[in-house]
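Undergrad: File follows, final_0.csv with CSV, C-alpha atoms:
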chain,number,residue,atom,x,y,z
V,1,VAL,CA,-38.3,-53.5,34.7
V,2,GLY,CA,-36.6,-55.2,31.8
V,3,GLY,CA,-33.8,-57.7,32.0
V,4,LEU,CA,-34.5,-59.0,35.5
V,5,ALA,CA,-36.0,-62.3,36.6
V,6,TYR,CA,-38.8,-62.3,39.0
V,7,LEU,CA,-40.5,-64.8,41.2
V,8,TYR,CA,-43.9,-65.3,42.8
V,9,ILE,CA,-45.1,-65.0,46.4
V,10,SER,CA,-48.5,-66.1,47.7
V,11,LYS,CA,-50.9,-63.6,49.2
V,12,ASN,CA,-49.7,-64.4,52.8
V,13,GLY,CA,-46.1,-63.7,51.7
V,14,LEU,CA,-45.0,-67.3,51.8
V,15,PRO,CA,-43.2,-68.9,48.9
V,16,THR,CA,-45.3,-70.9,46.4
V,17,SER,CA,-44.1,-73.5,43.9
V,18,THR,CA,-44.8,-71.4,40.9
V,19,PRO,CA,-41.7,-71.3,38.7
V,20,GLY,CA,-40.0,-68.0,38.2
V,21,THR,CA,-39.7,-66.3,34.8
V,22,GLY,CA,-37.1,-64.3,32.9
V,23,THR,CA,-33.3,-64.2,33.2
V,24,GLY,CA,-30.7,-61.8,34.5
V,25,ASP,CA,-30.3,-60.1,37.9
V,26,GLY,CA,-33.5,-61.4,39.4
V,27,GLY,CA,-32.3,-64.9,40.1
V,28,SER,CA,-34.0,-68.2,39.2
V,29,GLY,CA,-35.6,-69.5,42.4
V,30,SER,CA,-39.0,-71.0,42.7
V,31,ALA,CA,-40.8,-68.3,44.6
V,32,GLY,CA,-41.0,-64.5,44.6
V,33,THR,CA,-42.8,-61.5,43.2
V,34,THR,CA,-42.6,-58.9,40.5
V,35,TYR,CA,-42.0,-55.2,41.1
V,36,THR,CA,-42.7,-52.8,38.3
V,37,PHE,CA,-42.5,-49.1,38.0
V,38,ASP,CA,-45.8,-47.3,39.0
V,39,TYR,CA,-45.3,-43.6,39.3
V,40,LYS,CA,-42.8,-40.9,40.3
V,41,PHE,CA,-42.7,-37.4,41.7
V,42,GLY,CA,-40.2,-34.6,42.2
V,43,THR,CA,-37.8,-32.5,40.1
V,44,LYS,CA,-34.6,-30.7,40.8
V,45,GLY,CA,-34.9,-27.4,42.6
V,46,SER,CA,-35.6,-25.6,45.9
V,47,GLY,CA,-39.2,-24.9,45.3
V,48,ASN,CA,-42.1,-26.7,46.9
V,49,GLY,CA,-42.2,-30.3,45.8
V,50,GLN,CA,-38.7,-30.2,44.4
V,51,PHE,CA,-35.5,-31.8,45.7
V,52,LEU,CA,-31.8,-31.0,46.0
V,53,ASP,CA,-30.7,-34.2,47.9
V,54,PRO,CA,-33.6,-36.3,49.1
V,55,HIS,CA,-32.6,-39.1,51.4
V,56,ASP,CA,-35.4,-41.1,53.0
V,57,VAL,CA,-39.1,-41.8,53.0
V,58,SER,CA,-41.5,-42.4,55.9
V,59,PHE,CA,-45.3,-42.5,56.3
V,60,ASP,CA,-47.7,-41.3,58.9
V,61,LYS,CA,-50.8,-43.2,59.7
V,62,ALA,CA,-52.8,-41.3,57.0
V,63,GLY,CA,-50.3,-42.5,54.4
V,64,ASN,CA,-48.7,-39.1,53.8
V,65,VAL,CA,-45.1,-39.2,52.7
V,66,PHE,CA,-42.3,-37.4,54.7
V,67,ILE,CA,-39.0,-36.8,52.8
V,68,PRO,CA,-35.9,-35.3,54.4
V,69,ASP,CA,-33.6,-33.4,52.0
V,70,ARG,CA,-29.9,-33.1,52.9
V,71,GLY,CA,-29.4,-30.3,50.4
V,72,ARG,CA,-32.4,-28.2,51.6
V,73,ASN,CA,-32.1,-29.3,55.3
V,74,ASP,CA,-35.8,-29.5,55.5
V,75,ILE,CA,-38.7,-32.0,55.5
V,76,GLN,CA,-41.3,-32.0,52.8
V,77,VAL,CA,-44.7,-33.7,53.2
V,78,PHE,CA,-46.6,-35.1,50.2
V,79,THR,CA,-49.8,-37.0,49.7
V,80,HIS,CA,-49.4,-40.7,48.9
V,81,ASP,CA,-49.6,-40.0,45.2
V,82,GLY,CA,-46.9,-37.3,45.4
V,83,LYS,CA,-48.8,-34.0,45.7
V,84,PHE,CA,-47.0,-31.4,47.9
V,85,ILE,CA,-48.7,-30.6,51.2
V,86,ARG,CA,-46.3,-28.6,53.4
V,87,LYS,CA,-42.7,-28.3,54.6
V,88,PHE,CA,-40.9,-27.6,57.8
V,89,GLY,CA,-37.4,-27.2,59.1
V,90,GLY,CA,-34.4,-25.4,57.6
V,91,PRO,CA,-30.6,-25.2,58.2
V,92,GLY,CA,-29.3,-24.8,61.7
V,93,SER,CA,-28.9,-26.5,65.1
V,94,GLY,CA,-32.0,-25.3,66.9
V,95,ASP,CA,-35.3,-27.0,67.4
V,96,VAL,CA,-36.8,-28.2,64.1
V,97,GLN,CA,-33.6,-27.2,62.3
V,98,PHE,CA,-31.3,-29.7,60.6
V,99,ASN,CA,-27.8,-30.3,59.5
V,100,VAL,CA,-28.0,-33.2,57.0
V,101,PRO,CA,-31.3,-34.8,58.0
V,102,TYR,CA,-30.4,-38.4,57.1
V,103,SER,CA,-33.2,-40.8,58.1
V,104,THR,CA,-36.7,-40.6,59.4
V,105,ALA,CA,-39.3,-42.8,61.0
V,106,HIS,CA,-42.7,-42.5,62.6
V,107,ASP,CA,-43.5,-44.3,65.9
V,108,ALA,CA,-46.8,-46.0,66.8
V,109,ASP,CA,-48.2,-42.7,68.1
V,110,ASP,CA,-47.4,-41.0,64.8
V,111,ASN,CA,-44.6,-38.9,66.2
V,112,PHE,CA,-41.8,-38.2,63.7
V,113,TYR,CA,-38.1,-38.9,64.4
V,114,VAL,CA,-35.2,-37.5,62.4
V,115,ALA,CA,-31.6,-38.7,62.5
V,116,ASP,CA,-30.0,-35.3,62.3
V,117,ARG,CA,-26.6,-36.5,61.4
V,118,GLY,CA,-24.7,-33.3,61.2
V,119,ASN,CA,-26.0,-32.1,64.6
V,120,ASN,CA,-25.2,-35.5,66.2
V,121,ARG,CA,-28.7,-36.0,67.5
V,122,VAL,CA,-32.1,-37.5,67.0
V,123,GLN,CA,-35.0,-35.1,67.0
V,124,LYS,CA,-38.5,-36.1,68.0
V,125,LEU,CA,-41.3,-34.0,66.5
V,126,SER,CA,-45.0,-34.2,66.1
V,127,LYS,CA,-46.3,-35.3,62.7
V,128,ASP,CA,-47.0,-31.6,62.2
V,129,GLY,CA,-43.3,-30.7,62.7
V,130,ILE,CA,-43.5,-29.4,66.2
V,131,PHE,CA,-40.5,-30.0,68.4
V,132,ILE,CA,-41.0,-32.5,71.3
V,133,SER,CA,-37.5,-33.6,72.4
V,134,GLN,CA,-34.1,-34.7,71.3
V,135,ILE,CA,-31.5,-37.4,72.1
V,136,THR,CA,-27.9,-36.4,72.0
V,137,SER,CA,-26.1,-39.2,74.0
V,138,ALA,CA,-26.4,-42.8,75.1
V,139,ASN,CA,-24.7,-44.7,77.9
V,140,GLY,CA,-22.4,-41.7,78.7
V,141,LYS,CA,-21.2,-41.2,75.1
V,142,ASN,CA,-22.3,-38.5,72.7
V,143,LEU,CA,-24.0,-39.6,69.5
V,144,LYS,CA,-21.8,-39.2,66.5
V,145,ALA,CA,-23.3,-38.9,63.0
V,146,PRO,CA,-26.3,-41.1,63.6
V,147,GLU,CA,-27.6,-42.4,60.2
V,148,ASP,CA,-30.7,-44.7,60.7
V,149,LEU,CA,-33.3,-45.7,63.2
V,150,ALA,CA,-36.1,-48.2,63.5
V,151,PHE,CA,-39.0,-49.0,65.8
V,152,ASP,CA,-40.1,-52.2,67.5
V,153,PHE,CA,-43.9,-51.5,67.4
V,154,ALA,CA,-44.6,-54.3,69.8
V,155,ASN,CA,-43.4,-52.3,72.8
V,156,GLY,CA,-42.2,-48.9,71.4
V,157,ASP,CA,-38.5,-49.6,71.7
V,158,PHE,CA,-36.3,-48.1,69.0
V,159,TYR,CA,-32.9,-48.8,67.7
V,160,LEU,CA,-30.3,-46.4,66.3
V,161,CYS,CA,-27.3,-46.7,64.1
V,162,ASP,CA,-24.9,-44.5,66.0
V,163,THR,CA,-22.7,-44.6,62.9
V,164,GLY,CA,-19.7,-42.6,64.0
V,165,ASN,CA,-19.4,-44.7,67.1
V,166,ASN,CA,-19.8,-48.0,65.2
V,167,ARG,CA,-22.5,-49.2,67.5
V,168,VAL,CA,-26.2,-49.9,67.7
V,169,VAL,CA,-28.1,-48.3,70.6
V,170,LYS,CA,-31.4,-49.5,71.9
V,171,PHE,CA,-33.8,-47.1,73.8
V,172,ASP,CA,-37.2,-47.7,75.3
V,173,LYS,CA,-40.3,-45.6,74.2
V,174,ASP,CA,-39.4,-43.0,76.7
V,175,HIS,CA,-35.8,-42.7,75.3
V,176,LYS,CA,-34.3,-44.4,78.3
V,177,PHE,CA,-31.1,-46.2,77.3
V,178,ILE,CA,-31.4,-50.0,77.4
V,179,ARG,CA,-28.3,-51.4,75.8
V,180,GLN,CA,-25.7,-51.1,73.0
V,181,TRP,CA,-23.6,-53.5,71.0
V,182,GLY,CA,-20.9,-53.5,68.3
V,183,THR,CA,-17.3,-52.7,68.0
V,184,ILE,CA,-15.4,-51.7,64.9
V,185,GLY,CA,-14.4,-54.7,62.7
V,186,SER,CA,-15.8,-57.1,60.1
V,187,GLY,CA,-16.4,-60.1,62.4
V,188,ASP,CA,-19.8,-61.3,63.7
V,189,GLY,CA,-21.5,-58.6,65.7
V,190,GLN,CA,-19.0,-56.0,64.6
V,191,PHE,CA,-19.6,-52.9,62.4
V,192,LYS,CA,-17.8,-50.7,59.9
V,193,HIS,CA,-20.0,-47.7,59.3
V,194,PRO,CA,-23.4,-49.2,60.4
V,195,HIS,CA,-25.6,-47.5,57.9
V,196,SER,CA,-29.1,-49.1,57.9
V,197,ILE,CA,-31.3,-50.8,60.5
V,198,ASP,CA,-34.8,-52.3,60.7
V,199,VAL,CA,-36.8,-54.5,62.9
V,200,GLY,CA,-38.7,-57.5,61.5
V,201,PRO,CA,-42.1,-58.9,62.6
V,202,ASP,CA,-40.0,-61.5,64.4
V,203,ARG,CA,-38.7,-58.6,66.5
V,204,ASN,CA,-35.1,-59.4,65.4
V,205,VAL,CA,-32.9,-56.5,64.4
V,206,TYR,CA,-31.3,-56.4,61.0
V,207,VAL,CA,-28.2,-54.2,60.3
V,208,ALA,CA,-26.2,-53.4,57.2
V,209,CYS,CA,-22.9,-51.6,57.0
V,210,GLY,CA,-21.6,-49.4,54.3
V,211,ASP,CA,-18.1,-51.0,54.4
V,212,ILE,CA,-19.0,-54.7,54.9
V,213,PRO,CA,-20.9,-56.6,52.1
V,214,PHE,CA,-23.3,-58.5,54.3
V,215,ILE,CA,-26.4,-58.1,56.4
V,216,GLN,CA,-26.4,-59.1,60.1
V,217,LYS,CA,-29.3,-60.4,62.1
V,218,PHE,CA,-29.5,-60.0,65.9
V,219,SER,CA,-32.0,-60.8,68.6
V,220,PRO,CA,-33.6,-57.9,70.5
V,221,ASP,CA,-30.9,-58.1,73.2
V,222,GLY,CA,-28.1,-57.7,70.6
V,223,THR,CA,-27.1,-61.4,70.3
V,224,PHE,CA,-25.7,-62.2,66.9
V,225,ILE,CA,-27.8,-64.8,65.1
V,226,LYS,CA,-26.5,-65.0,61.5
V,227,LYS,CA,-25.3,-63.0,58.5
V,228,TRP,CA,-25.6,-63.2,54.8
V,229,GLY,CA,-24.1,-61.6,51.7
V,230,LYS,CA,-21.4,-61.9,49.2
V,231,GLU,CA,-19.7,-59.3,47.1
V,232,GLY,CA,-20.2,-59.7,43.4
V,233,ASP,CA,-22.6,-59.1,40.5
V,234,GLY,CA,-24.6,-62.4,40.7
V,235,PRO,CA,-28.2,-62.9,42.0
V,236,GLY,CA,-28.4,-61.7,45.5
V,237,GLU,CA,-24.8,-60.5,45.6
V,238,VAL,CA,-23.9,-56.9,46.4
V,239,ARG,CA,-21.4,-54.2,45.6
V,240,MET,CA,-20.3,-51.9,48.5
V,241,PHE,CA,-21.2,-49.3,49.6
V,242,LEU,CA,-24.5,-50.9,50.8
V,243,GLU,CA,-27.3,-48.3,51.1
V,244,HIS,CA,-30.4,-48.5,53.1
V,245,MET,CA,-33.0,-51.3,53.7
V,246,ASP,CA,-36.6,-51.8,54.7
V,247,ILE,CA,-38.7,-54.8,55.7
V,248,ASP,CA,-42.1,-54.9,54.2
V,249,ILE,CA,-45.4,-56.4,55.4
V,250,PHE,CA,-44.6,-59.7,53.7
V,251,SER,CA,-41.4,-60.1,55.8
V,252,ARG,CA,-39.3,-59.3,52.8
V,253,LEU,CA,-36.1,-57.3,53.3
V,254,HIS,CA,-35.4,-54.8,50.5
V,255,ILE,CA,-31.8,-53.4,50.3
V,256,ILE,CA,-30.3,-51.0,47.9
V,257,ASN,CA,-27.0,-52.1,46.4
V,258,ASN,CA,-25.3,-48.9,45.5
V,259,ASP,CA,-24.7,-46.5,42.6
V,260,VAL,CA,-22.2,-48.8,41.0
V,261,ARG,CA,-24.9,-51.4,40.5
V,262,PRO,CA,-28.1,-49.6,41.4
V,263,ILE,CA,-30.6,-52.4,42.0
V,264,ILE,CA,-32.6,-53.4,45.0
V,265,ASN,CA,-32.2,-57.0,46.2
V,266,VAL,CA,-35.0,-58.6,48.1
V,267,PHE,CA,-34.4,-61.4,50.7
V,268,ASP,CA,-36.5,-63.3,53.2
V,269,LEU,CA,-35.6,-62.8,56.8
V,270,ASP,CA,-33.3,-65.9,56.8
V,271,GLY,CA,-31.2,-64.4,54.0
V,272,LYS,CA,-32.7,-66.4,51.0
V,273,PHE,CA,-32.6,-64.3,47.9
V,274,ILE,CA,-36.0,-63.8,46.4
V,275,THR,CA,-35.7,-61.2,43.5
V,276,ALA,CA,-34.4,-57.9,42.5
V,277,TYR,CA,-35.7,-54.8,40.8
V,278,GLY,CA,-34.2,-51.7,39.1
V,279,ASN,CA,-31.5,-51.8,36.5
V,280,PRO,CA,-27.8,-52.8,37.0
V,281,LYS,CA,-26.7,-49.7,35.1
V,282,LYS,CA,-27.7,-46.3,36.4
V,283,GLY,CA,-29.9,-44.0,34.3
V,284,GLY,CA,-32.8,-41.6,34.3
V,285,ALA,CA,-35.5,-43.7,32.7
V,286,ASP,CA,-38.5,-45.0,34.7
V,287,GLY,CA,-37.3,-47.9,36.8
V,288,GLN,CA,-33.7,-46.8,36.6
V,289,PHE,CA,-31.8,-45.2,39.5
V,290,SER,CA,-29.0,-42.7,40.0
V,291,GLU,CA,-27.6,-42.6,43.5
V,292,PRO,CA,-30.5,-44.4,45.1
V,293,GLU,CA,-30.4,-43.8,48.9
V,294,HIS,CA,-33.4,-45.3,50.7
V,295,VAL,CA,-36.2,-47.7,50.0
V,296,THR,CA,-39.3,-47.7,52.3
V,297,CYS,CA,-42.4,-49.9,51.7
V,298,ASP,CA,-45.9,-48.6,52.4
V,299,SER,CA,-48.6,-50.4,54.3
V,300,ALA,CA,-49.5,-52.4,51.1
V,301,GLY,CA,-45.9,-53.4,50.5
V,302,LYS,CA,-45.3,-50.9,47.6
V,303,PRO,CA,-41.6,-49.7,47.6
V,304,PHE,CA,-40.9,-46.0,47.5
V,305,VAL,CA,-37.4,-45.5,46.3
V,306,VAL,CA,-35.4,-42.3,46.9
V,307,ASP,CA,-33.7,-41.8,43.5
V,308,SER,CA,-31.5,-39.0,44.8
V,309,GLY,CA,-29.3,-38.5,41.7
V,310,ASN,CA,-32.5,-38.0,39.6
V,311,PHE,CA,-34.1,-35.7,42.2
V,312,ARG,CA,-37.2,-37.8,42.5
V,313,ILE,CA,-39.1,-40.6,44.3
V,314,GLN,CA,-40.0,-43.7,42.3
V,315,VAL,CA,-42.9,-45.9,43.4
V,316,PHE,CA,-43.1,-49.5,42.4
V,317,LYS,CA,-46.1,-51.9,42.4
V,318,LEU,CA,-46.4,-55.6,43.0
For this file, write the structure as structure tokens.
TA:
Amino acid sequence: VGGLAYLYISKNGLPTSTPGTGTGDGGSGSAGTTYTFDYKFGTKGSGNGQFLDPHDVSFDKAGNVFIPDRGRNDIQVFTHDGKFIRKFGGPGSGDVQFNVPYSTAHDADDNFYVADRGNNRVQKLSKDGIFISQITSANGKNLKAPEDLAFDFANGDFYLCDTGNNRVVKFDKDHKFIRQWGTIGSGDGQFKHPHSIDVGPDRNVYVACGDIPFIQKFSPDGTFIKKWGKEGDGPGEVRMFLEHMDIDIFSRLHIINNDVRPIINVFDLDGKFITAYGNPKKGGADGQFSEPEHVTCDSAGKPFVVDSGNFRIQVFKL
């Protein structure tokens, strides 16, 4: 992607002393990696393999790609290289029906979870789209517009951004409530529209809000550890509304800026800026975004970006 500076990362994901190259949004540190456009799939429409409002990407153990669509209210499944396989779901509030399917994730057993925002619930399905169970409340309070979820694969616990209640909720693998944290506000451990969540290999929990320009890091018990972020257009700086993030196999945190400045910033898990990819001005060319929503990295660390405004998925290579 032209106009960005990129840095280099060693094979084990640790910084090397190789100097970075280029100028612009990518920063000028001494270590990082380069992300370049690889391929894309999807067009606008309601047919198989088409999108109206795609919003997330998750992978099953076979590497198949599951994509929820807020406009179609269904889930489409593709091969890793973007060939349509099948679809399931549809509009409604019954089992395997959706009202704004927002975010998705697979657990260690390959079950498929959907944050069904408009129905104020999380649905658990088999990878084949068969209903298993649902979660509608936590700690005596109904879920309200949940928007993201992430698993701790060490023990099967999962975390949910209960966005309308401005809290993070933690469940065990059997969906038993463990704890919650967060109140509305912009202080440490507070949230304003908690919008994105992920769990790192350190088992710490990372949360970004739409209405606060920083990322917060918590221990598994919800204890605030640190935060980073600054509003602006410089390297590693962000413009609200922050979109979604993902932590890759190299312990790098990818987070989408927003449609005003549609790039993806990459940090290490202590908040050090590594690089960026995309283009600071939206567009429809390869490597450009319009209304990017989610980024999810596959088992090799390749980012799949939901380029919603262009009705497609873009895949980048390292």
Undergrad: What is the distance between CA of Ser133 in chain V and CA of Asp221 in chain V, in Å to one decimal?
TA: 25.4 Å
Undergrad: Within 9 Å of Gly156 in chain V, counting all atoms listed in the file, which residues qualify if same-chain residues fewer than 4 places away don't, as a VMD selection string?
TA: chain V and resid 107 to 108 151 to 152 171 to 174
Undergrad: Which residues are near range 56-71 of chain V? Cut-off 8 Å, all atoms listed in the file, ignore same chain within fewer than 5 positions. Put them as a PyMOL selection string.
TA: chain V and resi 51+76-80+82+99-106+110+127+293-296+298+304-306
Undergrad: Can you tell me, as a list of chain:residue names, what residues are no more than 9 Å from Ile197 in chain V when counting all atoms listed in the file, ignoring any on the same chain fewer than 6 positions away?
TA: V:Asp148, V:Leu149, V:Ala150, V:Tyr159, V:Leu160, V:Cys161, V:Val168, V:Val205, V:Tyr206, V:Val207, V:Ala208, V:His244, V:Met245, V:Asp246
Undergrad: Find the distance between CA of Ser126 in chain V and CA of Asp157 in chain V and write it in Å to one decimal.
TA: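 Result for CA of Ser126 in chain V versus CA of Asp157 in chain V: 17.6 Å, one decimal.
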Undergrad: Find the residues around range 256-270 of chain V up to 8 Å (only C-alpha atoms counted), leave out those fewer than 4 positions away in its own chain, and share them as a list in words.
TA: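 Here the answer would be Gly200, Gly236, Val238, Arg239, Met240, Phe241, Leu242, Glu243, His244, Met245, Ser251, Arg252, Ile274, Thr275, Ala276, Tyr277, Gly278, Asn279, Pro280, Lys281, Lys282, Gln288, Phe289, Ser290, Glu291, Pro292, Glu293, His294 and Val295 of chain V.
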Undergrad: What does the file look like for those residues with C-alpha atoms, as a PDB file, in the frame of the given file?
TA:
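Generated output (out-v8.pdb):
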ATOM      1  CA  GLY V 200     -38.700 -57.500  61.500  1.00  0.00           C
ATOM      2  CA  GLY V 236     -28.400 -61.700  45.500  1.00  0.00           C
ATOM      3  CA  VAL V 238     -23.900 -56.900  46.400  1.00  0.00           C
ATOM      4  CA  ARG V 239     -21.400 -54.200  45.600  1.00  0.00           C
ATOM      5  CA  MET V 240     -20.300 -51.900  48.500  1.00  0.00           C
ATOM      6  CA  PHE V 241     -21.200 -49.300  49.600  1.00  0.00           C
ATOM      7  CA  LEU V 242     -24.500 -50.900  50.800  1.00  0.00           C
ATOM      8  CA  GLU V 243     -27.300 -48.300  51.100  1.00  0.00           C
ATOM      9  CA  HIS V 244     -30.400 -48.500  53.100  1.00  0.00           C
ATOM     10  CA  MET V 245     -33.000 -51.300  53.700  1.00  0.00           C
ATOM     11  CA  SER V 251     -41.400 -60.100  55.800  1.00  0.00           C
ATOM     12  CA  ARG V 252     -39.300 -59.300  52.800  1.00  0.00           C
ATOM     13  CA  ILE V 274     -36.000 -63.800  46.400  1.00  0.00           C
ATOM     14  CA  THR V 275     -35.700 -61.200  43.500  1.00  0.00           C
ATOM     15  CA  ALA V 276     -34.400 -57.900  42.500  1.00  0.00           C
ATOM     16  CA  TYR V 277     -35.700 -54.800  40.800  1.00  0.00           C
ATOM     17  CA  GLY V 278     -34.200 -51.700  39.100  1.00  0.00           C
ATOM     18  CA  ASN V 279     -31.500 -51.800  36.500  1.00  0.00           C
ATOM     19  CA  PRO V 280     -27.800 -52.800  37.000  1.00  0.00           C
ATOM     20  CA  LYS V 281     -26.700 -49.700  35.100  1.00  0.00           C
ATOM     21  CA  LYS V 282     -27.700 -46.300  36.400  1.00  0.00           C
ATOM     22  CA  GLN V 288     -33.700 -46.800  36.600  1.00  0.00           C
ATOM     23  CA  PHE V 289     -31.800 -45.200  39.500  1.00  0.00           C
ATOM     24  CA  SER V 290     -29.000 -42.700  40.000  1.00  0.00           C
ATOM     25  CA  GLU V 291     -27.600 -42.600  43.500  1.00  0.00           C
ATOM     26  CA  PRO V 292     -30.500 -44.400  45.100  1.00  0.00           C
ATOM     27  CA  GLU V 293     -30.400 -43.800  48.900  1.00  0.00           C
ATOM     28  CA  HIS V 294     -33.400 -45.300  50.700  1.00  0.00           C
ATOM     29  CA  VAL V 295     -36.200 -47.700  50.000  1.00  0.00           C
TER      30      VAL V 295
END
Undergrad: For Asp198 in chain V, which residue among V:Ile225, V:Leu52, V:Ile215, V:Ile75 is the nearest when counting all atoms listed in the file?
TA: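 Closest to Asp198 in chain V, using all atoms listed in the file: V:Ile215.
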Undergrad: How many Å separate CA of Phe41 in chain V from CA of Asn310 in chain V?
TA: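 Taking CA of Phe41 in chain V and CA of Asn310 in chain V, their separation equals 10.4 Å.
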Undergrad: Check the smallest atom-to-atom distance from each of V:His254, V:Lys124, V:Lys87, V:Arg203 to Ser219 in chain V using all atoms listed in the file, then report the winner.
TA: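 The closest residue to Ser219 in chain V is V:Arg203.
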Undergrad: What's around His193 in chain V at 7 Å? Count only C-alpha atoms, leave out sequence neighbours fewer than 2 positions away in its own chain, and write the answer as a list in words.
TA: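 The neighbour list is Thr163, Gly164, Asn166, Phe191, His195, Cys209, Gly210 and Asp211 of chain V.
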Undergrad: Using only C-alpha atoms, which of V:Asp233, V:Asp248, V:Asp109, V:Asp38 sits nearest Ala300 in chain V?
TA: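 Going through V:Asp233, V:Asp248, V:Asp109, V:Asp38 one by one, the smallest distance to Ala300 in chain V is for V:Asp248.
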